[in-house]
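Student: Have a peek at start_5.tsv (TSV, C-alpha atoms).
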```
chain	number	residue	atom	x	y	z
Q	671	MET	CA	8.12	-33.65	21.10
Q	672	ILE	CA	5.86	-33.50	18.04
Q	673	LEU	CA	6.15	-31.13	15.10
Q	674	GLN	CA	2.83	-29.41	14.43
Q	675	ASP	CA	3.73	-27.53	11.26
Q	676	ASP	CA	1.36	-27.76	8.31
Q	677	TRP	CA	4.11	-28.91	5.93
Q	678	VAL	CA	4.47	-32.14	7.92
Q	679	LYS	CA	0.87	-33.02	7.12
Q	680	ARG	CA	0.87	-32.16	3.41
Q	681	SER	CA	-0.59	-34.98	1.39
Q	682	GLY	CA	2.30	-35.23	-1.06
Q	683	THR	CA	4.87	-35.29	1.72
Q	684	GLN	CA	2.96	-37.88	3.72
Q	685	ALA	CA	2.35	-39.99	0.61
Q	686	LEU	CA	6.07	-40.07	-0.19
Q	687	CYS	CA	6.99	-41.06	3.37
Q	688	ALA	CA	4.23	-43.69	3.31
Q	689	VAL	CA	5.43	-45.43	0.13
Q	690	ILE	CA	8.99	-45.52	1.49
Q	691	GLY	CA	7.67	-47.02	4.72
Q	692	LEU	CA	5.48	-49.58	2.91
Q	693	SER	CA	8.55	-50.77	1.01
Q	694	GLY	CA	10.14	-51.78	4.30
Q	695	HIS	CA	12.40	-48.74	4.70
Q	696	ARG	CA	12.45	-45.81	7.11
Q	697	ALA	CA	11.99	-42.13	6.25
Q	698	PHE	CA	12.73	-39.17	8.53
Q	699	PHE	CA	12.50	-35.44	8.08
Q	700	VAL	CA	15.96	-34.07	8.82
Q	701	GLY	CA	18.02	-30.93	9.26
Q	702	GLY	CA	16.77	-27.45	8.54
Q	703	CYS	CA	13.09	-28.28	8.19
Q	704	VAL	CA	13.05	-29.87	11.67
Q	705	ARG	CA	15.23	-27.16	13.18
Q	706	ASN	CA	13.12	-24.33	11.77
Q	707	ALA	CA	9.85	-26.00	12.73
Q	708	LEU	CA	11.04	-26.23	16.33
Q	709	LEU	CA	12.01	-22.56	16.24
Q	710	GLY	CA	8.73	-21.47	14.65
Q	711	VAL	CA	10.61	-20.26	11.57
Q	712	ALA	CA	9.27	-20.73	8.05
Q	713	VAL	CA	10.29	-24.01	6.38
Q	714	THR	CA	11.21	-23.61	2.73
Q	715	ASP	CA	12.98	-26.91	1.97
Q	716	ILE	CA	12.00	-30.41	3.00
Q	717	ASP	CA	14.84	-32.89	3.40
Q	718	ILE	CA	14.19	-36.56	4.02
Q	719	ALA	CA	16.76	-39.09	5.26
Q	720	THR	CA	16.22	-42.78	4.63
Q	721	ASP	CA	17.93	-46.15	4.92
Q	722	ALA	CA	16.90	-46.94	1.32
Q	723	TRP	CA	19.64	-46.75	-1.31
Q	724	PRO	CA	19.21	-44.05	-4.02
Q	725	ALA	CA	18.25	-46.56	-6.73
Q	726	THR	CA	15.64	-47.99	-4.40
Q	727	VAL	CA	14.25	-44.55	-3.60
Q	728	MET	CA	13.92	-43.78	-7.31
Q	729	GLU	CA	12.19	-47.09	-7.99
Q	730	ILE	CA	9.77	-46.63	-5.08
Q	731	ALA	CA	8.95	-43.04	-6.01
Q	732	GLU	CA	8.50	-43.69	-9.73
Q	733	SER	CA	6.28	-46.70	-9.02
Q	734	ALA	CA	4.07	-44.40	-6.94
Q	735	GLY	CA	3.79	-41.98	-9.85
Q	736	PHE	CA	6.08	-39.29	-8.43
Q	737	LYS	CA	8.54	-37.40	-10.61
Q	738	VAL	CA	12.17	-38.19	-9.74
Q	739	ILE	CA	15.25	-36.10	-10.52
Q	740	PRO	CA	18.67	-37.74	-9.86
Q	741	THR	CA	20.21	-34.52	-8.53
Q	742	GLY	CA	23.08	-36.10	-6.58
Q	743	VAL	CA	22.87	-39.85	-6.84
Q	744	ASP	CA	26.60	-40.38	-6.25
Q	745	HIS	CA	26.22	-38.66	-2.89
Q	746	GLY	CA	22.95	-40.39	-2.12
Q	747	THR	CA	20.48	-37.63	-2.99
Q	748	VAL	CA	17.51	-37.66	-5.34
Q	749	THR	CA	14.78	-35.05	-5.68
Q	750	VAL	CA	11.23	-36.38	-5.54
Q	751	ILE	CA	8.33	-34.14	-6.54
Q	752	ALA	CA	5.22	-35.28	-4.71
Q	753	GLY	CA	2.06	-33.21	-4.50
Q	754	GLY	CA	3.87	-30.43	-6.34
Q	755	ILE	CA	6.48	-30.20	-3.57
Q	756	HIS	CA	10.21	-30.84	-4.02
Q	757	HIS	CA	11.70	-33.24	-1.47
Q	758	GLU	CA	15.43	-33.88	-1.24
Q	759	VAL	CA	15.67	-37.55	-0.28
Q	760	THR	CA	19.12	-38.68	0.87
Q	761	THR	CA	20.32	-42.07	1.98
Q	762	PHE	CA	21.92	-42.32	5.43
Q	763	ARG	CA	25.65	-41.77	4.98
Q	764	ARG	CA	28.95	-42.01	6.73
Q	765	ASP	CA	32.16	-40.28	5.66
Q	766	VAL	CA	34.91	-42.49	4.32
Q	767	GLU	CA	37.39	-39.85	3.22
Q	768	SER	CA	37.56	-36.08	2.94
Q	769	ASN	CA	39.97	-33.54	1.46
Q	770	GLY	CA	38.39	-30.57	3.23
Q	771	ARG	CA	36.14	-29.69	0.33
Q	772	ARG	CA	34.11	-32.73	-0.58
Q	773	ALA	CA	33.75	-35.97	1.31
Q	774	VAL	CA	33.77	-39.49	-0.09
Q	775	VAL	CA	30.75	-41.14	1.51
Q	776	ALA	CA	29.44	-44.64	1.99
Q	777	PHE	CA	25.75	-45.35	2.31
Q	778	SER	CA	24.48	-46.58	5.64
Q	779	THR	CA	21.37	-47.98	7.25
Q	780	ASP	CA	22.20	-46.42	10.62
Q	781	LEU	CA	20.63	-43.10	11.63
Q	782	ALA	CA	23.32	-42.64	14.30
Q	783	GLU	CA	26.06	-42.82	11.66
Q	784	ASP	CA	24.21	-40.28	9.56
Q	785	ALA	CA	23.85	-37.91	12.52
Q	786	ALA	CA	27.53	-38.23	13.43
Q	787	ARG	CA	28.66	-36.82	10.06
Q	788	ARG	CA	26.52	-33.67	10.20
Q	789	ASP	CA	28.02	-30.28	11.00
Q	790	PHE	CA	26.10	-28.91	14.01
Q	791	THR	CA	23.95	-30.58	16.61
Q	792	MET	CA	20.98	-28.37	15.72
Q	793	ASN	CA	21.17	-29.78	12.19
Q	794	ALA	CA	21.30	-33.39	13.42
Q	795	LEU	CA	17.61	-33.41	14.30
Q	796	TYR	CA	15.21	-35.92	12.75
Q	797	ALA	CA	11.45	-36.40	12.83
Q	798	HIS	CA	9.20	-39.32	11.98
Q	799	PRO	CA	6.47	-38.67	9.40
Q	800	SER	CA	4.14	-38.45	12.42
Q	801	GLY	CA	6.13	-35.40	13.55
Q	802	GLU	CA	7.80	-37.12	16.51
Q	803	VAL	CA	11.29	-35.67	16.89
Q	804	VAL	CA	14.39	-37.85	17.17
Q	805	ASP	CA	17.38	-36.12	18.80
Q	806	PRO	CA	20.42	-38.43	18.86
Q	807	LEU	CA	23.02	-35.75	19.77
Q	808	GLY	CA	21.35	-33.25	22.10
Q	809	GLY	CA	20.50	-30.80	19.36
Q	810	ILE	CA	17.25	-29.65	20.97
Q	811	ALA	CA	19.05	-28.47	24.11
Q	812	ASP	CA	21.54	-26.53	21.98
Q	813	LEU	CA	18.72	-25.09	19.90
Q	814	ARG	CA	16.87	-23.91	22.98
Q	815	SER	CA	20.00	-22.29	24.41
Q	816	ARG	CA	20.85	-20.88	20.97
Q	817	ARG	CA	24.23	-22.53	21.02
Q	818	VAL	CA	25.84	-23.46	17.70
Q	819	ARG	CA	27.92	-26.52	18.52
Q	820	PHE	CA	29.82	-28.83	16.20
Q	821	VAL	CA	28.94	-32.50	16.19
Q	822	GLY	CA	31.71	-34.39	17.98
Q	823	ASP	CA	35.25	-33.07	17.51
Q	824	PRO	CA	35.13	-29.58	15.94
Q	825	GLN	CA	38.50	-30.00	14.25
Q	826	GLN	CA	37.45	-33.25	12.63
Q	827	ARG	CA	34.20	-31.72	11.38
Q	828	ILE	CA	36.09	-28.76	9.92
Q	829	ARG	CA	38.73	-30.91	8.25
Q	830	GLU	CA	35.91	-32.73	6.47
Q	831	ASP	CA	34.82	-29.44	4.88
Q	832	TYR	CA	36.51	-26.11	5.58
Q	833	LEU	CA	33.37	-24.27	4.56
Q	834	ARG	CA	32.08	-25.24	8.01
Q	835	ILE	CA	34.26	-22.49	9.45
Q	836	LEU	CA	32.15	-19.88	7.66
Q	837	ARG	CA	28.95	-21.79	8.39
Q	838	PHE	CA	29.82	-21.76	12.10
Q	839	PHE	CA	29.78	-17.94	12.12
Q	840	ARG	CA	26.78	-17.71	9.82
Q	841	PHE	CA	24.73	-20.06	12.00
Q	842	HIS	CA	25.74	-18.11	15.08
Q	843	ALA	CA	24.54	-14.90	13.39
Q	844	VAL	CA	21.19	-16.47	12.51
Q	845	TYR	CA	20.51	-18.86	15.40
Q	846	GLY	CA	23.01	-18.05	18.13
Q	847	ASP	CA	22.79	-15.86	21.21
Q	848	ALA	CA	25.04	-12.84	20.73
Q	849	THR	CA	25.00	-12.08	24.46
Q	850	GLN	CA	26.54	-15.47	25.27
Q	851	GLY	CA	29.09	-15.42	22.50
Q	852	VAL	CA	30.12	-18.31	20.29
Q	853	ASP	CA	30.95	-21.83	21.44
Q	854	GLN	CA	34.58	-21.60	22.56
Q	855	ASP	CA	35.63	-25.07	21.39
Q	856	GLY	CA	34.21	-24.36	17.97
Q	857	LEU	CA	35.82	-20.93	17.83
Q	858	ALA	CA	39.24	-22.30	18.78
Q	859	ALA	CA	39.02	-24.92	16.03
Q	860	CYS	CA	37.97	-22.32	13.45
Q	861	ALA	CA	40.90	-20.08	14.36
Q	862	GLU	CA	43.41	-22.92	14.31
Q	863	LEU	CA	42.26	-24.30	10.95
Q	864	ALA	CA	41.52	-21.01	9.21
Q	865	ASP	CA	44.27	-21.61	6.64
Q	866	GLY	CA	42.04	-24.30	5.16
Q	867	ILE	CA	39.70	-21.62	3.81
Q	868	ALA	CA	42.23	-21.11	1.01
Q	869	THR	CA	41.20	-24.51	-0.41
Q	870	LEU	CA	37.58	-23.43	-0.91
Q	871	SER	CA	36.20	-22.21	-4.22
Q	872	ALA	CA	35.27	-18.56	-4.65
Q	873	GLU	CA	31.69	-19.57	-5.39
Q	874	ARG	CA	31.29	-21.39	-2.07
Q	875	ILE	CA	32.91	-18.56	-0.10
Q	876	GLY	CA	30.79	-15.89	-1.78
Q	877	SER	CA	27.58	-17.83	-1.33
Q	878	GLU	CA	28.18	-18.45	2.37
Q	879	MET	CA	29.25	-14.88	3.09
Q	880	ARG	CA	26.19	-13.47	1.33
Q	881	LYS	CA	24.00	-15.55	3.64
Q	882	LEU	CA	25.96	-14.44	6.70
Q	883	LEU	CA	25.72	-10.74	5.83
Q	884	ALA	CA	22.00	-11.09	5.13
Q	885	ALA	CA	21.35	-12.19	8.73
Q	886	TRP	CA	19.30	-9.85	10.91
Q	887	ASN	CA	22.39	-8.78	12.87
Q	888	PRO	CA	25.66	-10.25	11.61
Q	889	ALA	CA	27.85	-7.70	13.44
Q	890	PRO	CA	28.78	-9.79	16.54
Q	891	ALA	CA	29.58	-12.85	14.42
Q	892	VAL	CA	31.64	-10.82	11.94
Q	893	ALA	CA	33.55	-9.12	14.77
Q	894	THR	CA	34.36	-12.55	16.20
Q	895	MET	CA	35.46	-13.73	12.76
Q	896	ALA	CA	37.86	-10.80	12.61
Q	897	ALA	CA	39.26	-11.50	16.07
Q	898	ALA	CA	39.80	-15.16	15.15
Q	899	GLY	CA	41.72	-14.27	11.99
Q	900	VAL	CA	39.00	-15.65	9.70
Q	901	LEU	CA	37.50	-12.47	8.22
Q	902	ASN	CA	40.74	-11.29	6.66
Q	903	ARG	CA	41.05	-14.62	4.84
Q	904	VAL	CA	37.76	-14.16	3.02
Q	905	LEU	CA	37.73	-10.35	2.85
Q	906	PRO	CA	41.32	-9.00	2.93
Q	907	GLY	CA	41.64	-5.41	4.08
Q	908	SER	CA	38.18	-5.26	5.63
Q	909	ASP	CA	37.30	-3.44	8.84
Q	910	PRO	CA	34.27	-4.66	10.84
Q	911	ARG	CA	33.96	-1.66	13.16
Q	912	ALA	CA	31.24	0.17	11.21
Q	913	LEU	CA	29.02	-2.89	10.77
Q	914	ALA	CA	27.34	-2.67	14.19
Q	915	PRO	CA	26.51	1.05	13.77
Q	916	LEU	CA	25.13	0.26	10.32
Q	917	VAL	CA	22.83	-2.47	11.66
Q	918	HIS	CA	21.64	-0.04	14.34
Q	919	LEU	CA	20.86	2.61	11.72
Q	920	GLU	CA	18.97	0.16	9.51
Q	921	GLN	CA	16.22	-0.40	12.10
Q	922	ASP	CA	13.13	-1.31	10.02
Q	923	ILE	CA	14.99	-1.17	6.71
Q	924	PRO	CA	15.36	-4.62	5.08
Q	925	ALA	CA	18.82	-6.12	5.36
Q	926	ARG	CA	20.99	-6.14	2.25
Q	927	TRP	CA	24.26	-8.03	2.12
Q	928	GLN	CA	25.53	-5.58	-0.52
Q	929	ARG	CA	25.18	-2.68	1.94
Q	930	ARG	CA	26.88	-4.60	4.75
Q	931	LEU	CA	29.69	-5.64	2.42
Q	932	ALA	CA	30.17	-2.05	1.26
Q	933	VAL	CA	30.62	-0.80	4.82
Q	934	LEU	CA	33.12	-3.57	5.61
Q	935	GLY	CA	35.37	-2.62	2.72
Q	936	GLY	CA	38.04	-5.07	1.64
Q	937	ASP	CA	38.87	-7.06	-1.46
Q	938	VAL	CA	36.00	-9.17	-2.84
Q	939	ASP	CA	37.97	-10.81	-5.65
Q	940	GLY	CA	37.71	-14.12	-3.81
Q	941	TRP	CA	33.90	-14.10	-3.82
Q	942	ARG	CA	33.23	-14.54	-7.55
Q	943	LEU	CA	30.55	-11.86	-7.64
Q	944	SER	CA	28.64	-11.35	-10.86
Q	945	ARG	CA	29.34	-8.31	-13.00
Q	946	GLN	CA	26.07	-6.78	-11.88
Q	947	GLU	CA	26.89	-7.36	-8.21
Q	948	MET	CA	30.38	-5.91	-8.63
Q	949	ALA	CA	28.99	-2.86	-10.42
Q	950	GLU	CA	26.39	-2.27	-7.71
Q	951	LEU	CA	28.95	-2.66	-4.93
Q	952	GLY	CA	31.34	-0.33	-6.75
Q	953	ARG	CA	28.70	2.39	-7.12
Q	954	ILE	CA	27.87	2.26	-3.43
Q	955	ARG	CA	31.50	2.35	-2.34
Q	956	ASP	CA	32.39	5.15	-4.78
Q	957	GLU	CA	29.65	7.44	-3.51
Q	958	ILE	CA	30.14	6.88	0.23
Q	959	GLY	CA	32.87	9.51	0.27
Q	960	SER	CA	31.17	11.89	-2.16
Q	961	SER	CA	29.39	15.11	-1.26
Q	962	LEU	CA	26.20	14.31	-3.17
Q	963	THR	CA	23.00	15.11	-1.30
Q	964	PRO	CA	20.30	12.49	-0.68
Q	965	ALA	CA	18.29	13.84	-3.62
Q	966	ALA	CA	21.31	13.85	-5.92
Q	967	LEU	CA	22.10	10.27	-4.89
Q	968	GLY	CA	18.51	9.28	-5.55
Q	969	TRP	CA	18.74	10.66	-9.08
Q	970	SER	CA	22.21	9.21	-9.76
Q	971	LEU	CA	21.78	5.73	-8.29
Q	972	GLY	CA	18.10	5.03	-7.70
Q	973	GLU	CA	16.33	4.64	-4.37
Q	974	THR	CA	17.86	1.45	-2.97
Q	975	PRO	CA	21.57	2.13	-3.74
Q	976	ALA	CA	21.15	5.75	-2.59
Q	977	GLN	CA	19.72	4.51	0.68
Q	978	ASP	CA	22.68	2.13	1.00
Q	979	VAL	CA	25.17	4.95	0.47
Q	980	LEU	CA	23.62	7.20	3.12
Q	981	LEU	CA	23.42	4.40	5.67
Q	982	CYS	CA	27.04	3.39	5.05
Q	983	ARG	CA	28.19	7.01	5.15
Q	984	ALA	CA	26.49	7.61	8.51
Q	985	ALA	CA	27.85	4.37	9.97
Q	986	LEU	CA	31.42	5.05	8.88
Q	987	LEU	CA	31.34	8.68	10.02
Q	988	GLU	CA	29.40	7.83	13.20
Q	989	SER	CA	26.94	10.56	12.31
Q	990	ALA	CA	23.18	10.93	12.16
Q	991	LEU	CA	21.28	10.37	8.95
Q	992	PRO	CA	20.23	13.56	7.11
Q	993	GLN	CA	16.84	14.96	8.01
Q	994	ASP	CA	13.97	13.69	5.85
Q	995	TRP	CA	16.44	11.56	3.91
Q	996	HIS	CA	13.91	9.03	2.65
Q	997	ALA	CA	11.74	11.71	1.10
Q	998	GLN	CA	14.77	13.45	-0.40
Q	999	ILE	CA	15.97	10.24	-2.04
Q	1000	GLN	CA	12.51	9.72	-3.52
Q	1001	ARG	CA	12.45	13.30	-4.77
Q	1002	GLY	CA	15.71	12.72	-6.57
Q	1003	ALA	CA	14.70	9.34	-7.99
Q	1004	GLN	CA	11.56	10.93	-9.44
Q	1005	SER	CA	13.33	13.99	-10.89
Q	1006	THR	CA	14.37	14.58	-14.48
Q	1007	PHE	CA	17.42	16.59	-15.50
Q	1008	PRO	CA	15.79	19.63	-17.08
Q	1009	VAL	CA	18.29	20.28	-19.88
Q	1010	THR	CA	18.56	18.23	-23.06
Q	1011	ALA	CA	21.05	18.27	-25.90
Q	1012	ALA	CA	18.48	20.03	-28.07
Q	1013	ASP	CA	18.55	23.01	-25.70
Q	1014	LEU	CA	22.23	23.59	-26.55
Q	1015	MET	CA	22.14	22.91	-30.26
Q	1016	PRO	CA	23.08	24.05	-32.83
Q	1017	ASP	CA	25.43	26.40	-30.99
Q	1018	LEU	CA	27.28	23.40	-29.55
Q	1019	GLN	CA	28.09	20.17	-31.32
Q	1020	GLY	CA	30.15	17.02	-30.73
Q	1021	PRO	CA	32.54	16.88	-27.75
Q	1022	GLU	CA	31.76	20.45	-26.73
Q	1023	LEU	CA	28.08	19.57	-26.44
Q	1024	GLY	CA	28.84	16.55	-24.27
Q	1025	GLN	CA	31.18	18.51	-22.04
Q	1026	ARG	CA	28.62	21.29	-21.55
Q	1027	LEU	CA	25.86	18.85	-20.67
Q	1028	LYS	CA	28.19	17.22	-18.18
Q	1029	SER	CA	29.06	20.54	-16.53
Q	1030	LEU	CA	25.40	21.56	-16.34
Q	1031	LEU	CA	24.50	18.21	-14.80
Q	1032	ALA	CA	27.21	18.68	-12.17
Q	1033	ALA	CA	25.83	22.16	-11.37
Q	1034	TRP	CA	22.29	20.77	-11.12
Q	1035	LEU	CA	23.36	17.97	-8.76
Q	1036	LYS	CA	25.38	20.43	-6.66
Q	1037	SER	CA	22.28	22.64	-6.34
Q	1038	ASP	CA	20.41	19.70	-4.82
Q	1039	LEU	CA	18.38	19.46	-8.03
Q	1040	THR	CA	16.89	22.93	-7.51
Q	1041	LEU	CA	18.24	24.79	-10.57
Q	1042	THR	CA	15.59	25.13	-13.27
Q	1043	ARG	CA	16.13	24.71	-17.00
Q	1044	GLU	CA	16.11	28.48	-17.46
Q	1045	ALA	CA	18.62	29.04	-14.66
Q	1046	LEU	CA	20.95	26.40	-16.04
Q	1047	LEU	CA	20.76	27.75	-19.59
Q	1048	ARG	CA	21.54	31.28	-18.34
Q	1049	THR	CA	24.88	29.96	-17.10
Q	1050	THR	CA	25.80	28.71	-20.57
Q	1051	THR	CA	28.57	30.52	-22.42
Q	1052	PHE	CA	29.75	29.48	-25.84
Q	1053	GLU	CA	33.28	29.54	-27.05
Q	1054	GLY	CA	33.80	29.93	-30.77
```
Show the structure stored in the file as structure tokens.
Tutor:
Amino acid sequence: MILQDDWVKRSGTQALCAVIGLSGHRAFFVGGCVRNALLGVAVTDIDIATDAWPATVMEIAESAGFKVIPTGVDHGTVTVIAGGIHHEVTTFRRDVESNGRRAVVAFSTDLAEDAARRDFTMNALYAHPSGEVVDPLGGIADLRSRRVRFVGDPQQRIREDYLRILRFFRFHAVYGDATQGVDQDGLAACAELADGIATLSAERIGSEMRKLLAAWNPAPAVATMAAAGVLNRVLPGSDPRALAPLVHLEQDIPARWQRRLAVLGGDVDGWRLSRQEMAELGRIRDEIGSSLTPAALGWSLGETPAQDVLLCRAALLESALPQDWHAQIQRGAQSTFPVTAADLMPDLQGPELGQRLKSLLAAWLKSDLTLTREALLRTTTFEG
């Protein structure tokens, strides 16, 4: 099998592989770039595996005039910029020791050893610079059947890095076949070793869960996570039942992990979200149970968060979306509250002015943004 993708033939990529080969070493494309090329999915990152040690890779690349960045030399990885393209070049490795979060590795010259330490068979795919695919572990068959399968013993792979539990469900959401369900050996290992998730950093958990929830349809994978006792460890108090209805309602609307997370509920303290992400999530969750109309939500939140609220509300209530809801959100987002502080001054000042503006705004939102400036001002009474 030969990869035909354009990225394989890029001059910078081929030149880098050529100089490694001319130095007496081997270079293979590996992992996601090979997997995605076989699936016909866009390739965004190019990873290269080689039997050359990191110092040798840097020497070879610099001698050829390429820029080299020692991004992870201790773990065998350097970044080489060739032809304006970033290539992650990593020496073949084998695991020596692992504490479930980060492995101690030894460099190797054996492709088979390198393949044996990878997480899933579909990620243990290699390709020569010519594009010829090397499949040491049956990854192509699993890829074709859309089966996410651990390399070797699932428990051993998980004990090397407990993040692989979350990656197992994320890869199933992205590459798996929901109608066939997850690999049972892998699922059993994830359920048995789920306590190990507690050893992971909040940053790693949050990053992986964002990717999972951004999948086209994460609902089956998330439901399986819940049944296996994994979801509650990363999102305590969550309920996955409304996620499938939400995905159904989204249809042609771009996926947003924030929206999916909002409908799941639960405690996100263990995700290390940014202040902006927490504020956005909070606004969506706060308004799901409100009575604000689509237009009022559009004015209060803006188009995208308002859309999120209405989708979550419909999914949780198992109801239809309001008629013409897109247009109503846009109407609200483009509206301007017709009353200003100057309209109420000098009769009102200070706290009384603020309170009156607040009450008029509430009346305007309740009217579905239909009350005019004159109508709102007619409702004003002053207390002296």
Student: By how many Å are CA of Ala719 (chain Q) and CA of Ala843 (chain Q) apart?
Tutor: 26.7 Å
Student: Would you work out the distance separating CA of Asp865 (chain Q) from CA of Val774 (chain Q), expressed in Å to one decimal?
Tutor: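 Between these atoms lies a distance of 21.8 Å.
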Student: What's the 10 Å shell around region 794-808 of chain Q, counting all atoms listed in the file, without same-chain residues fewer than 3 positions away, as a PyMOL selection string?
Tutor: chain Q and resi 671-675+678-679+683-688+691+696-705+708+717-719+781-782+784-791+811-813+821-822
Student: Return as lines of an AutoDock Vina configuration file the centre and edge lengths, in Å with one decimal, of the box along x, y and z that encloses every atom of region 711-725 of chain Q in the file, padded by 8 Å per side.
Tutor:
```
center_x = 14.5
center_y = -33.6
center_z = 2.4
size_x = 26.4
size_y = 42.7
size_z = 34.3
```
Student: List the neighbours of Gly742 (chain Q) out to 10 Å using only C-alpha atoms; skip same-chain residues closer than 3 positions along the sequence, and give me the result as a ChimeraX atom specification.
Tutor: /Q:724,739,745-749,758-760
Student: Pull C-alpha atoms from the residues just selected and write them as a CSV table (one decimal), in the coordinates of the input.
Tutor:
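What ended up in selection_36.csv:
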```
chain,number,residue,atom,x,y,z
Q,724,PRO,CA,19.2,-44.0,-4.0
Q,739,ILE,CA,15.2,-36.1,-10.5
Q,745,HIS,CA,26.2,-38.7,-2.9
Q,746,GLY,CA,23.0,-40.4,-2.1
Q,747,THR,CA,20.5,-37.6,-3.0
Q,748,VAL,CA,17.5,-37.7,-5.3
Q,749,THR,CA,14.8,-35.0,-5.7
Q,758,GLU,CA,15.4,-33.9,-1.2
Q,759,VAL,CA,15.7,-37.6,-0.3
Q,760,THR,CA,19.1,-38.7,0.9
```
Student: Determine, counting only C-alpha atoms, which protein, DNA and RNA residues have an atom within 8 Å of an atom of Ile958 (chain Q); residues of the same chain fewer than 6 positions away are not included. Present the result as a ChimeraX atom specification.
Tutor: /Q:979-980,982-983
Student: What gap, in Å, lies between CA of Gly809 (chain Q) and CA of Arg834 (chain Q)?
Tutor: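 Interatomic distance here is 17.1 Å.
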Student: In terms of the shortest atom-to-atom distance over all atoms listed in the file, which of Q:Ala864, Q:Val689, Q:Val900, Q:Ala891 is closest to Asp847 (chain Q)?
Tutor: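 Looking only at the distances to Asp847 (chain Q), the closest residue turns out to be Q:Ala891.
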Student: Near Asp823 (chain Q), within 10 Å and counting only C-alpha atoms, which residues show up once chain neighbours fewer than 6 positions away are dropped, as a PyMOL selection string?
Tutor: chain Q and resi 855-856+859
